[in-house]
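Engineer: Sharing model12.cif here; it has mmCIF, C-alpha atoms; chains and numbers go by the auth columns.
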```cif
data_final
loop_
_atom_site.group_PDB
_atom_site.id
_atom_site.type_symbol
_atom_site.label_atom_id
_atom_site.label_comp_id
_atom_site.label_asym_id
_atom_site.label_seq_id
_atom_site.Cartn_x
_atom_site.Cartn_y
_atom_site.Cartn_z
_atom_site.B_iso_or_equiv
_atom_site.auth_seq_id
_atom_site.auth_asym_id
ATOM 1 C CA MET A 1 47.939 2.432 1.346 0.00 15 A
ATOM 2 C CA ILE A 2 48.484 -1.058 -0.066 0.00 16 A
ATOM 3 C CA SER A 3 45.148 -2.265 1.270 0.00 17 A
ATOM 4 C CA THR A 4 43.482 0.619 -0.572 0.00 18 A
ATOM 5 C CA ALA A 5 45.202 -0.447 -3.790 0.00 19 A
ATOM 6 C CA VAL A 6 44.060 -4.049 -3.318 0.00 20 A
ATOM 7 C CA VAL A 7 40.480 -2.907 -2.697 0.00 21 A
ATOM 8 C CA GLY A 8 40.700 -0.785 -5.858 0.00 22 A
ATOM 9 C CA LEU A 9 42.093 -3.736 -7.796 0.00 23 A
ATOM 10 C CA TRP A 10 39.207 -5.950 -6.696 0.00 24 A
ATOM 11 C CA GLY A 11 36.608 -3.214 -7.211 0.00 25 A
ATOM 12 C CA THR A 12 37.622 -2.445 -10.775 0.00 26 A
ATOM 13 C CA GLY A 13 38.049 -6.128 -11.554 0.00 27 A
ATOM 14 C CA ILE A 14 34.587 -7.032 -10.304 0.00 28 A
ATOM 15 C CA CYS A 15 33.083 -4.165 -12.321 0.00 29 A
ATOM 16 C CA LEU A 16 34.836 -5.374 -15.477 0.00 30 A
ATOM 17 C CA ILE A 17 33.698 -8.954 -14.857 0.00 31 A
ATOM 18 C CA TYR A 18 30.119 -7.742 -14.516 0.00 32 A
ATOM 19 C CA ILE A 19 30.323 -5.659 -17.703 0.00 33 A
ATOM 20 C CA ARG A 20 31.765 -8.532 -19.725 0.00 34 A
ATOM 21 C CA THR A 21 29.913 -11.521 -18.291 0.00 35 A
ATOM 22 C CA GLY A 22 27.008 -10.270 -16.169 0.00 36 A
ATOM 23 C CA PHE A 23 28.368 -12.691 -13.521 0.00 37 A
ATOM 24 C CA VAL A 24 27.210 -15.671 -15.587 0.00 38 A
ATOM 25 C CA ALA A 25 29.815 -18.307 -14.745 0.00 39 A
ATOM 26 C CA ALA A 26 29.348 -20.046 -18.113 0.00 40 A
ATOM 27 C CA GLU A 27 30.668 -16.838 -19.739 0.00 41 A
ATOM 28 C CA PHE A 28 33.933 -16.961 -17.756 0.00 42 A
ATOM 29 C CA SER A 29 36.901 -17.961 -19.913 0.00 43 A
ATOM 30 C CA PRO A 30 39.820 -20.007 -18.541 0.00 44 A
ATOM 31 C CA LYS A 31 41.850 -16.780 -18.709 0.00 45 A
ATOM 32 C CA LEU A 32 39.315 -14.980 -16.481 0.00 46 A
ATOM 33 C CA TRP A 33 39.277 -17.835 -13.968 0.00 47 A
ATOM 34 C CA MET A 34 43.092 -17.764 -13.933 0.00 48 A
ATOM 35 C CA LYS A 35 43.055 -14.008 -13.323 0.00 49 A
ATOM 36 C CA LEU A 36 40.690 -14.497 -10.387 0.00 50 A
ATOM 37 C CA ILE A 37 42.960 -17.187 -8.929 0.00 51 A
ATOM 38 C CA ILE A 38 46.066 -15.028 -9.389 0.00 52 A
ATOM 39 C CA VAL A 39 44.502 -11.910 -7.857 0.00 53 A
ATOM 40 C CA THR A 40 43.201 -13.972 -4.925 0.00 54 A
ATOM 41 C CA ALA A 41 46.726 -15.325 -4.364 0.00 55 A
ATOM 42 C CA LEU A 42 48.105 -11.801 -4.656 0.00 56 A
ATOM 43 C CA THR A 43 45.637 -10.551 -2.039 0.00 57 A
ATOM 44 C CA MET A 44 46.453 -13.380 0.368 0.00 58 A
ATOM 45 C CA ASN A 45 50.175 -12.794 -0.162 0.00 59 A
ATOM 46 C CA ALA A 46 49.715 -9.090 0.633 0.00 60 A
ATOM 47 C CA MET A 47 48.273 -10.183 3.984 0.00 61 A
ATOM 48 C CA VAL A 48 51.310 -12.404 4.586 0.00 62 A
ATOM 49 C CA ILE A 49 53.627 -9.511 3.752 0.00 63 A
ATOM 50 C CA GLY A 50 51.835 -7.263 6.236 0.00 64 A
ATOM 51 C CA ALA A 51 51.600 -9.871 8.992 0.00 65 A
ATOM 52 C CA TYR A 52 55.010 -11.570 8.632 0.00 66 A
ATOM 53 C CA VAL A 53 57.476 -10.023 6.187 0.00 67 A
ATOM 54 C CA MET A 54 57.283 -6.396 7.324 0.00 68 A
ATOM 55 C CA PRO A 55 57.659 -7.247 11.040 0.00 69 A
ATOM 56 C CA VAL A 56 60.714 -9.392 10.224 0.00 70 A
ATOM 57 C CA MET A 57 62.198 -6.602 8.112 0.00 71 A
ATOM 58 C CA ASN A 58 61.643 -4.150 10.978 0.00 72 A
ATOM 59 C CA ARG A 59 63.169 -6.549 13.493 0.00 73 A
ATOM 60 C CA PHE A 60 66.318 -6.972 11.389 0.00 74 A
ATOM 61 C CA SER A 61 66.462 -3.450 9.954 0.00 75 A
ATOM 62 C CA ASP A 62 70.114 -3.101 10.938 0.00 76 A
ATOM 63 C CA ARG A 63 71.330 -5.762 8.508 0.00 77 A
ATOM 64 C CA PRO A 64 71.135 -6.746 4.829 0.00 78 A
ATOM 65 C CA VAL A 65 68.305 -9.111 3.867 0.00 79 A
ATOM 66 C CA LEU A 66 70.734 -11.961 3.156 0.00 80 A
ATOM 67 C CA ALA A 67 72.109 -11.600 6.692 0.00 81 A
ATOM 68 C CA ILE A 68 68.698 -12.319 8.233 0.00 82 A
ATOM 69 C CA PRO A 69 68.630 -15.855 9.719 0.00 83 A
ATOM 70 C CA VAL A 70 67.423 -18.506 7.259 0.00 84 A
ATOM 71 C CA LYS A 71 64.407 -19.476 9.375 0.00 85 A
ATOM 72 C CA TYR A 72 63.033 -15.952 8.765 0.00 86 A
ATOM 73 C CA ARG A 73 64.487 -15.424 5.305 0.00 87 A
ATOM 74 C CA LEU A 74 62.980 -18.561 3.737 0.00 88 A
ATOM 75 C CA PRO A 75 59.299 -17.599 4.269 0.00 89 A
ATOM 76 C CA MET A 76 60.184 -14.101 3.063 0.00 90 A
ATOM 77 C CA ALA A 77 61.636 -15.602 -0.132 0.00 91 A
ATOM 78 C CA VAL A 78 58.479 -17.642 -0.736 0.00 92 A
ATOM 79 C CA SER A 79 56.370 -14.514 -0.254 0.00 93 A
ATOM 80 C CA ALA A 80 58.612 -12.512 -2.605 0.00 94 A
ATOM 81 C CA ALA A 81 58.456 -15.230 -5.272 0.00 95 A
ATOM 82 C CA THR A 82 54.679 -15.396 -4.931 0.00 96 A
ATOM 83 C CA SER A 83 54.397 -11.638 -5.284 0.00 97 A
ATOM 84 C CA VAL A 84 56.602 -11.459 -8.377 0.00 98 A
ATOM 85 C CA PHE A 85 54.803 -14.438 -9.904 0.00 99 A
ATOM 86 C CA CYS A 86 51.358 -12.939 -9.301 0.00 100 A
ATOM 87 C CA TRP A 87 52.188 -9.486 -10.657 0.00 101 A
ATOM 88 C CA PHE A 88 53.953 -10.734 -13.786 0.00 102 A
ATOM 89 C CA THR A 89 51.312 -13.375 -14.468 0.00 103 A
ATOM 90 C CA ALA A 90 48.514 -10.826 -14.059 0.00 104 A
ATOM 91 C CA LEU A 91 50.390 -8.526 -16.433 0.00 105 A
ATOM 92 C CA ALA A 92 50.833 -11.318 -18.982 0.00 106 A
ATOM 93 C CA LEU A 93 47.199 -12.415 -18.743 0.00 107 A
ATOM 94 C CA GLY A 94 46.018 -8.850 -19.179 0.00 108 A
ATOM 95 C CA SER A 95 48.311 -7.836 -22.019 0.00 109 A
ATOM 96 C CA MET A 96 48.772 -10.917 -24.208 0.00 110 A
ATOM 97 C CA ALA A 97 45.889 -11.372 -26.620 0.00 111 A
ATOM 98 C CA MET A 98 46.948 -14.922 -27.469 0.00 112 A
ATOM 99 C CA LEU A 99 46.271 -16.015 -23.872 0.00 113 A
ATOM 100 C CA LYS A 100 42.643 -14.912 -24.186 0.00 114 A
ATOM 101 C CA VAL A 101 41.709 -18.003 -26.175 0.00 115 A
ATOM 102 C CA GLN A 102 43.939 -20.590 -24.506 0.00 116 A
ATOM 103 C CA PRO A 103 42.200 -23.570 -22.869 0.00 117 A
ATOM 104 C CA TRP A 104 42.789 -24.735 -19.287 0.00 118 A
ATOM 105 C CA ASN A 105 45.060 -27.569 -20.414 0.00 119 A
ATOM 106 C CA THR A 106 47.464 -24.929 -21.801 0.00 120 A
ATOM 107 C CA LEU A 107 47.172 -22.179 -19.198 0.00 121 A
ATOM 108 C CA ALA A 108 47.316 -24.266 -16.027 0.00 122 A
ATOM 109 C CA PRO A 109 50.569 -26.176 -16.728 0.00 123 A
ATOM 110 C CA VAL A 110 52.390 -23.108 -18.062 0.00 124 A
ATOM 111 C CA ILE A 111 51.447 -21.015 -15.056 0.00 125 A
ATOM 112 C CA ALA A 112 52.218 -23.841 -12.606 0.00 126 A
ATOM 113 C CA ILE A 113 55.678 -24.337 -14.125 0.00 127 A
ATOM 114 C CA GLU A 114 56.289 -20.575 -14.061 0.00 128 A
ATOM 115 C CA TYR A 115 55.479 -20.468 -10.328 0.00 129 A
ATOM 116 C CA ALA A 116 57.534 -23.575 -9.543 0.00 130 A
ATOM 117 C CA VAL A 117 60.625 -22.184 -11.293 0.00 131 A
ATOM 118 C CA GLY A 118 60.297 -18.815 -9.541 0.00 132 A
ATOM 119 C CA LEU A 119 59.819 -20.505 -6.187 0.00 133 A
ATOM 120 C CA LEU A 120 62.844 -22.743 -6.743 0.00 134 A
ATOM 121 C CA ILE A 121 65.027 -19.746 -7.590 0.00 135 A
ATOM 122 C CA ALA A 122 63.834 -17.755 -4.564 0.00 136 A
ATOM 123 C CA ILE A 123 64.339 -20.655 -2.164 0.00 137 A
ATOM 124 C CA SER A 124 67.793 -21.352 -3.616 0.00 138 A
ATOM 125 C CA VAL A 125 68.861 -17.756 -3.109 0.00 139 A
ATOM 126 C CA ALA A 126 67.423 -17.708 0.418 0.00 140 A
ATOM 127 C CA LEU A 127 69.253 -20.892 1.387 0.00 141 A
ATOM 128 C CA TRP A 128 72.616 -20.505 -0.311 0.00 142 A
ATOM 129 C CA ALA A 129 73.364 -16.822 -0.831 0.00 143 A
ATOM 130 C CA ARG A 130 75.540 -15.353 1.898 0.00 144 A
ATOM 131 C CA VAL A 131 76.646 -11.904 2.960 0.00 145 A
ATOM 132 C CA PRO A 132 80.331 -11.497 3.891 0.00 146 A
ATOM 133 C CA ASP A 133 80.787 -11.552 7.673 0.00 147 A
ATOM 134 C CA ASP A 134 82.221 -8.036 7.736 0.00 148 A
ATOM 135 C CA CYS A 135 78.908 -6.699 6.360 0.00 149 A
ATOM 136 C CA VAL A 136 76.839 -8.185 9.167 0.00 150 A
ATOM 137 C CA PRO A 137 76.536 -5.956 12.233 0.00 151 A
ATOM 138 C CA ALA A 138 76.825 -7.425 15.695 0.00 152 A
ATOM 139 C CA PRO A 139 73.575 -7.856 17.624 0.00 153 A
ATOM 140 C CA ARG A 140 72.262 -4.570 19.030 0.00 154 A
ATOM 141 C CA GLU A 141 73.146 -5.449 22.644 0.00 155 A
ATOM 142 C CA ALA A 142 76.759 -6.074 21.630 0.00 156 A
ATOM 143 C CA ASN A 143 76.902 -2.753 19.772 0.00 157 A
ATOM 144 C CA VAL A 144 75.960 -0.895 22.947 0.00 158 A
ATOM 145 C CA GLY A 145 78.842 -2.512 24.840 0.00 159 A
ATOM 146 C CA MET A 146 81.246 -1.783 21.985 0.00 160 A
ATOM 147 C CA ARG A 147 80.299 1.909 21.963 0.00 161 A
ATOM 148 C CA GLU A 148 80.886 2.159 25.707 0.00 162 A
ATOM 149 C CA ALA A 149 84.243 0.392 25.361 0.00 163 A
ATOM 150 C CA GLU A 150 85.296 2.714 22.514 0.00 164 A
ATOM 151 C CA ALA A 151 84.264 5.766 24.540 0.00 165 A
ATOM 152 C CA ALA A 152 86.263 4.514 27.519 0.00 166 A
ATOM 153 C CA MET A 153 89.318 3.938 25.300 0.00 167 A
ATOM 154 C CA ARG A 154 89.122 7.494 23.936 0.00 168 A
ATOM 155 C CA LYS A 155 89.050 8.943 27.472 0.00 169 A
ATOM 156 C CA ALA A 156 92.114 6.919 28.515 0.00 170 A
#
```
For the structure just supplied, provide its representation as structure tokens.

Structural biologist:
Amino acid sequence: MISTAVVGLWGTGICLIYIRTGFVAAEFSPKLWMKLIIVTALTMNAMVIGAYVMPVMNRFSDRPVLAIPVKYRLPMAVSAATSVFCWFTALALGSMAMLKVQPWNTLAPVIAIEYAVGLLIAISVALWARVPDDCVPAPREANVGMREAEAAMRKA
């Protein structure tokens, strides 16, 4: 489903680029180049989500995200920050008319700072936010033993 959306995103984008520029690179504005970079990053991040984030979420489906071990949670936070950054930046580039005429020396630093701040926030949350211990379930193997012990206690 998501891969279909990404293909649609690229398909419509390439059609619009052809209509507006005829694929003449000299006609590409800094805003258009930035959009291409952002959508490429978004596409690559979607692959990371499918290959890494979703399997980790499935593996730890019995616990809150903040209870997932940091070594798994940190790459997930980077992927989440990248996703949010890409979607909001694409939205801003597409909807703000004033960005249409901005030169590289304005667009590049603003977008780089935006990504750096988002990444810093996501990494900070991944490293320092904690879930109370009573909200974290025991490992699945331990739960099986606990259920058997509880059943034995009820019979006694």

Engineer: Please provide as a ChimeraX atom specification all residues within 12 Å of A:Ala140, with the sequence filter that same-chain residues fewer than 4 positions apart are discarded (counting only C-alpha atoms).

Structural biologist: /A:79-95,133-136,144-145

Engineer: Quick one: everything within 8 Å of stretch 103-118 of chain A, counting only C-alpha atoms, minus sequence neighbours fewer than 2 positions away in the same chain. Send it as a list of chain:residue names.

Structural biologist: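 Near neighbours after the sequence-gap exclusion: A:Ser43, A:Pro44, A:Lys45, A:Lys49, A:Ile52, A:Val53, A:Phe99, A:Cys100, A:Trp101, A:Thr120, A:Leu121, A:Ala122, A:Ile125.
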
Engineer: Work out how far apart atom CA of A:Asn119 and atom CA of A:Leu46 are and give it in Å to one decimal.

Structural biologist: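 Computing it gives 14.4 Å between the two atoms.
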
Engineer: At what distance in Å, to one decimal, does atom CA of A:Thr96 lie from atom CA of A:Leu56?

Structural biologist: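 We find that atom CA of A:Leu56 and atom CA of A:Thr96 lie 7.5 Å from each other.
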
Engineer: Suppose you want the space between atom CA of A:Trp142 and atom CA of A:Pro78; what is it in Å?

Structural biologist: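 Atom-to-atom, atom CA of A:Trp142 to atom CA of A:Pro78, that is 14.8 Å.
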
Engineer: Counting only C-alpha atoms, note down every residue that has an atom within 12 Å of the point (53.9, -7.3, 4.5) (file coordinates), as a PyMOL selection string.

Structural biologist: chain A and resi 15-17+56-72+89-90+93-94+97

Engineer: In terms of the shortest atom-to-atom distance over all atoms listed in the file, which of A:Ala126, A:Leu50, A:Val139, A:Ala55 is closest to A:Gly27?

Structural biologist: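 That would be A:Leu50, the residue with the smallest distance to A:Gly27.
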